[in-house]
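> Here it is: the structure, laid out below.
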Amino acid sequence: MRFLLDTEQAEFGRTLDRMLGAADTPSAVRAWAAGDPGPGRELWSRIAETGVFALAVPEAYDGLGPLPVELTLSYVELGRHAVPGPVVETAAAAVLLAGLAEDGGAAKEWLPRIAAGRALVTLGAEPRAYVLDADVADAVFVAAGSEVRRAAVREACGESADPARRLFRVESGEVVAQDAARAVARAGDLAALLTAAQSLGVGLELLRRTVEYVGQREQFGAPIGSFQAVKHRLADALLGLEFARPLVFGAALSLAGRDAATDDGAGGRADARAGKDVAAAKVAAGEAAYRAARAALQLHGAVGYTEELDLSLWLRKARPLRDAWGTPARCRARVLSPER
């Protein structure tokens, strides 16, 4: 059993971290929330140059994957830097289209473009009533049961707690594939896993910023970080995140291993086990990030409520990510169910 990232994987994560750290992502997030996708698309291109989106695309379509572990590592960093846009949905759409390759030309049309960062694709799945960032996407796909359709924007459908998560209702159009239940399920599993990875990254960054703040803010002549109650609150947040981390990467290993099953019976069992692992990771990471957000808000005090503080960009992501691609209740039910 592998418990640690290898040298190449760790260096890839550090490289992505350095690149995003130099990219002024808070400005890109604010512009995206205001309806200006320009800085976000530029950031998207830079992320694609590192090979992140190619990790979700098979080699037959100019990609490098699918490589769930490396994708998970990447999306932790995307969460740590609050990268805007349908990054999860684009990777999930790549897995979906790869599973539909024999059903038409959609895979040939879109997968090489996704791998190269030339296409921003979003994905919705019924019974969800919205699709993320559909107005700026180059293609919108909707999965309904075992059927996959192209879709067009109908209208905005209200605000998310995170203003950078821009939600739209869409109208289904042409059928891309039918009898695609397995491809849809696998795409949903990857979307849940990468959302969990994003949540983990968001929580880690919230904790880092809060630890830095409580070491600087003084009360009664001492940093508030020296107070026992503050230490306990931060320790609880840290424990939640550190317990979630191995579940997230363990679920990535489960997704990587399920492809080794060759016959339908073994493949079905591998899918079921991987799905349960993903659901457990999603619950743990989402709840841990939300706990870290609550601690960050409380320990920053009144300044934590201001939009001008960059902290708000991460605070407002924790709750929506916790519920996206599988609410805690739904994921717990999946973990406890005897069947997938």
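Simple scheme: letters A, B, ... for chains in structure tokens order, numbers from 1 for residues in each chain, numbers from 1 for ligands in the order shown.
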Can you pull out the residues contacting region 139-143 of chain A? Cut-off 8 Å, using only C-alpha atoms, and skip same-chain residues under 5 positions away; I want them as a PyMOL selection string.

chain A and resi 93+119-126+134+148-152+172+184

> Can you spit out the residues from that selection as an mmCIF file, in the first residue's frame, using C-alpha atoms?


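Output contents, as saved in selection.cif:
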```cif
data_model
loop_
_atom_site.group_PDB
_atom_site.id
_atom_site.type_symbol
_atom_site.label_atom_id
_atom_site.label_comp_id
_atom_site.auth_asym_id
_atom_site.auth_seq_id
_atom_site.Cartn_x
_atom_site.Cartn_y
_atom_site.Cartn_z
ATOM 1 C CA ALA A 93 -16.461 15.965 -18.498
ATOM 2 C CA ALA A 119 -11.624 24.423 -24.021
ATOM 3 C CA LEU A 120 -13.438 25.275 -20.808
ATOM 4 C CA VAL A 121 -16.208 22.706 -20.395
ATOM 5 C CA THR A 122 -18.851 22.439 -17.721
ATOM 6 C CA LEU A 123 -21.049 19.533 -16.681
ATOM 7 C CA GLY A 124 -24.354 19.155 -14.897
ATOM 8 C CA ALA A 125 -26.166 16.093 -13.653
ATOM 9 C CA GLU A 126 -29.871 15.777 -12.959
ATOM 10 C CA ALA A 134 -22.387 27.735 -18.171
ATOM 11 C CA VAL A 148 -25.806 12.579 -22.070
ATOM 12 C CA ARG A 149 -26.904 15.724 -23.909
ATOM 13 C CA ARG A 150 -25.417 19.023 -25.018
ATOM 14 C CA ALA A 151 -27.118 21.982 -23.386
ATOM 15 C CA ALA A 152 -27.534 25.729 -23.802
ATOM 16 C CA SER A 172 -30.990 20.195 -22.918
ATOM 17 C CA VAL A 184 -21.869 9.022 -16.104
#
```

> Residues near Ala192 (chain A), anyone? I mean within 9 Å using only C-alpha atoms, not counting same-chain ones fewer than 5 positions away, as a ChimeraX atom specification.

/A:88,187,197,278-279,281-282,324-326

> What's the 10 Å shell around region 300-305 of chain A, counting only C-alpha atoms, without same-chain residues fewer than 6 positions away, as a list of chain:residue names?

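Returned residues: A:Arg209, A:Thr210, A:Tyr213, A:Val214, A:Arg217, A:Leu311, A:Ser312, A:Leu315.
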
> Taking only C-alpha atoms into account, which of A:Trp32, A:Phe227, A:Trp314, A:Phe53 comes nearest Gly117 (chain A)?

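Using only C-alpha atoms, Gly117 (chain A) sits closest to A:Phe53.
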
> If DSSP is run on the backbone, what residues of region 86-121 of chain A are helix (DSSP H, G or I)? A reply as a ChimeraX atom specification would be ideal.

/A:87-99,101-103,106-116

> Return the single residue from A:Leu96, A:Val170, A:Leu241, A:Leu73 that is closest to Arg14 (chain A), with distances computed using only C-alpha atoms.

A:Leu73

> Could you tell me which of A:Leu167, A:Val131, A:Ala94, A:Leu111 comes closest to Ala33 (chain A) if we count only C-alpha atoms?

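The closest residue to Ala33 (chain A) is A:Leu167.
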
> Tell me which protein, DNA and RNA residues are within 8 Å of Gly51 (chain A), counting only C-alpha atoms, leaving out same-chain ones fewer than 3 positions away, and put them as a PDB file with N, CA, C and O atoms, in the first residue's frame.


```
ATOM      1  N   ILE A  47      -2.561  27.125 -15.966  1.00  0.00           N
ATOM      2  CA  ILE A  47      -2.736  25.835 -15.289  1.00  0.00           C
ATOM      3  C   ILE A  47      -2.638  24.700 -16.299  1.00  0.00           C
ATOM      4  O   ILE A  47      -2.007  23.667 -16.036  1.00  0.00           O
ATOM      5  N   ALA A  48      -3.255  24.892 -17.465  1.00  0.00           N
ATOM      6  CA  ALA A  48      -3.210  23.858 -18.497  1.00  0.00           C
ATOM      7  C   ALA A  48      -1.784  23.593 -18.956  1.00  0.00           C
ATOM      8  O   ALA A  48      -1.425  22.456 -19.284  1.00  0.00           O
ATOM      9  N   ALA A  54      -4.688  17.763 -18.710  1.00  0.00           N
ATOM     10  CA  ALA A  54      -4.274  16.581 -19.472  1.00  0.00           C
ATOM     11  C   ALA A  54      -4.273  15.332 -18.602  1.00  0.00           C
ATOM     12  O   ALA A  54      -4.377  14.212 -19.118  1.00  0.00           O
ATOM     13  N   LEU A  55      -4.188  15.509 -17.280  1.00  0.00           N
ATOM     14  CA  LEU A  55      -4.202  14.362 -16.369  1.00  0.00           C
ATOM     15  C   LEU A  55      -5.538  13.624 -16.393  1.00  0.00           C
ATOM     16  O   LEU A  55      -5.614  12.461 -16.000  1.00  0.00           O
ATOM     17  N   LEU A  64      -2.570  12.706 -20.606  1.00  0.00           N
ATOM     18  CA  LEU A  64      -1.588  11.980 -19.807  1.00  0.00           C
ATOM     19  C   LEU A  64      -2.236  10.930 -18.923  1.00  0.00           C
ATOM     20  O   LEU A  64      -1.523  10.221 -18.209  1.00  0.00           O
ATOM     21  N   ALA A 115      -7.362  18.803 -22.943  1.00  0.00           N
ATOM     22  CA  ALA A 115      -5.995  18.487 -22.512  1.00  0.00           C
ATOM     23  C   ALA A 115      -5.061  19.668 -22.690  1.00  0.00           C
ATOM     24  O   ALA A 115      -4.182  19.919 -21.857  1.00  0.00           O
ATOM     25  N   ALA A 116      -5.244  20.413 -23.787  1.00  0.00           N
ATOM     26  CA  ALA A 116      -4.366  21.538 -24.083  1.00  0.00           C
ATOM     27  C   ALA A 116      -4.800  22.836 -23.418  1.00  0.00           C
ATOM     28  O   ALA A 116      -4.101  23.843 -23.524  1.00  0.00           O
TER      29      ALA A 116
END
```

> As a PyMOL selection string, list the residues of region 110-287 of chain A assigned to strand (DSSP E or B) by DSSP on the backbone atoms of this structure.

chain A and resi 121-125+131-132+139-144+147-159+166-177+218-219+222-223

> From the list A:Asp179, A:Asp62, A:Leu67, A:Gly21, which residue is nearest Gly99 (chain A) when using only C-alpha atoms?

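Counting only C-alpha atoms, the residue closest to Gly99 (chain A) is A:Asp179.
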
> Fewer than 5 positions away in the same chain doesn't count, so skip those; otherwise give me all residues within 12 Å of region 267-274 of chain A, counting only C-alpha atoms, as an MDAnalysis selection string.

chainID A and resid 68 182:183 185:190 192:193 247:262 279:281 334:340

> Nearest to Pro112 (chain A): which of A:Ala329, A:Ala56, A:Ala92, A:Leu5 is it, counting only C-alpha atoms?

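The shortest atom-to-atom distance to Pro112 (chain A) comes from A:Ala56.
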
> Could you list, as number ranges by chain, every residue within 8 Å of Lys317 (chain A), counting only C-alpha atoms and ignoring same-chain residues fewer than 4 positions away?

A: 161-162, 202, 313, 321

> Between A:Leu20, A:Ala285, A:Val153, A:Ala296, single out the one closest to Thr195 (chain A), counting only C-alpha atoms.

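Selected residue with least distance to Thr195 (chain A): A:Ala285.
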
> So that I can check the surroundings of Glu147 (chain A), please list as a VMD selection string every protein, DNA and RNA residue that reaches within 6 Å of it, counting only C-alpha atoms and ignoring chain neighbours fewer than 2 positions away.

chain A and resid 143 to 145 177 to 178 180

> By how many Å are CA of Pro37 (chain A) and CA of Ala191 (chain A) apart?

22.2 Å
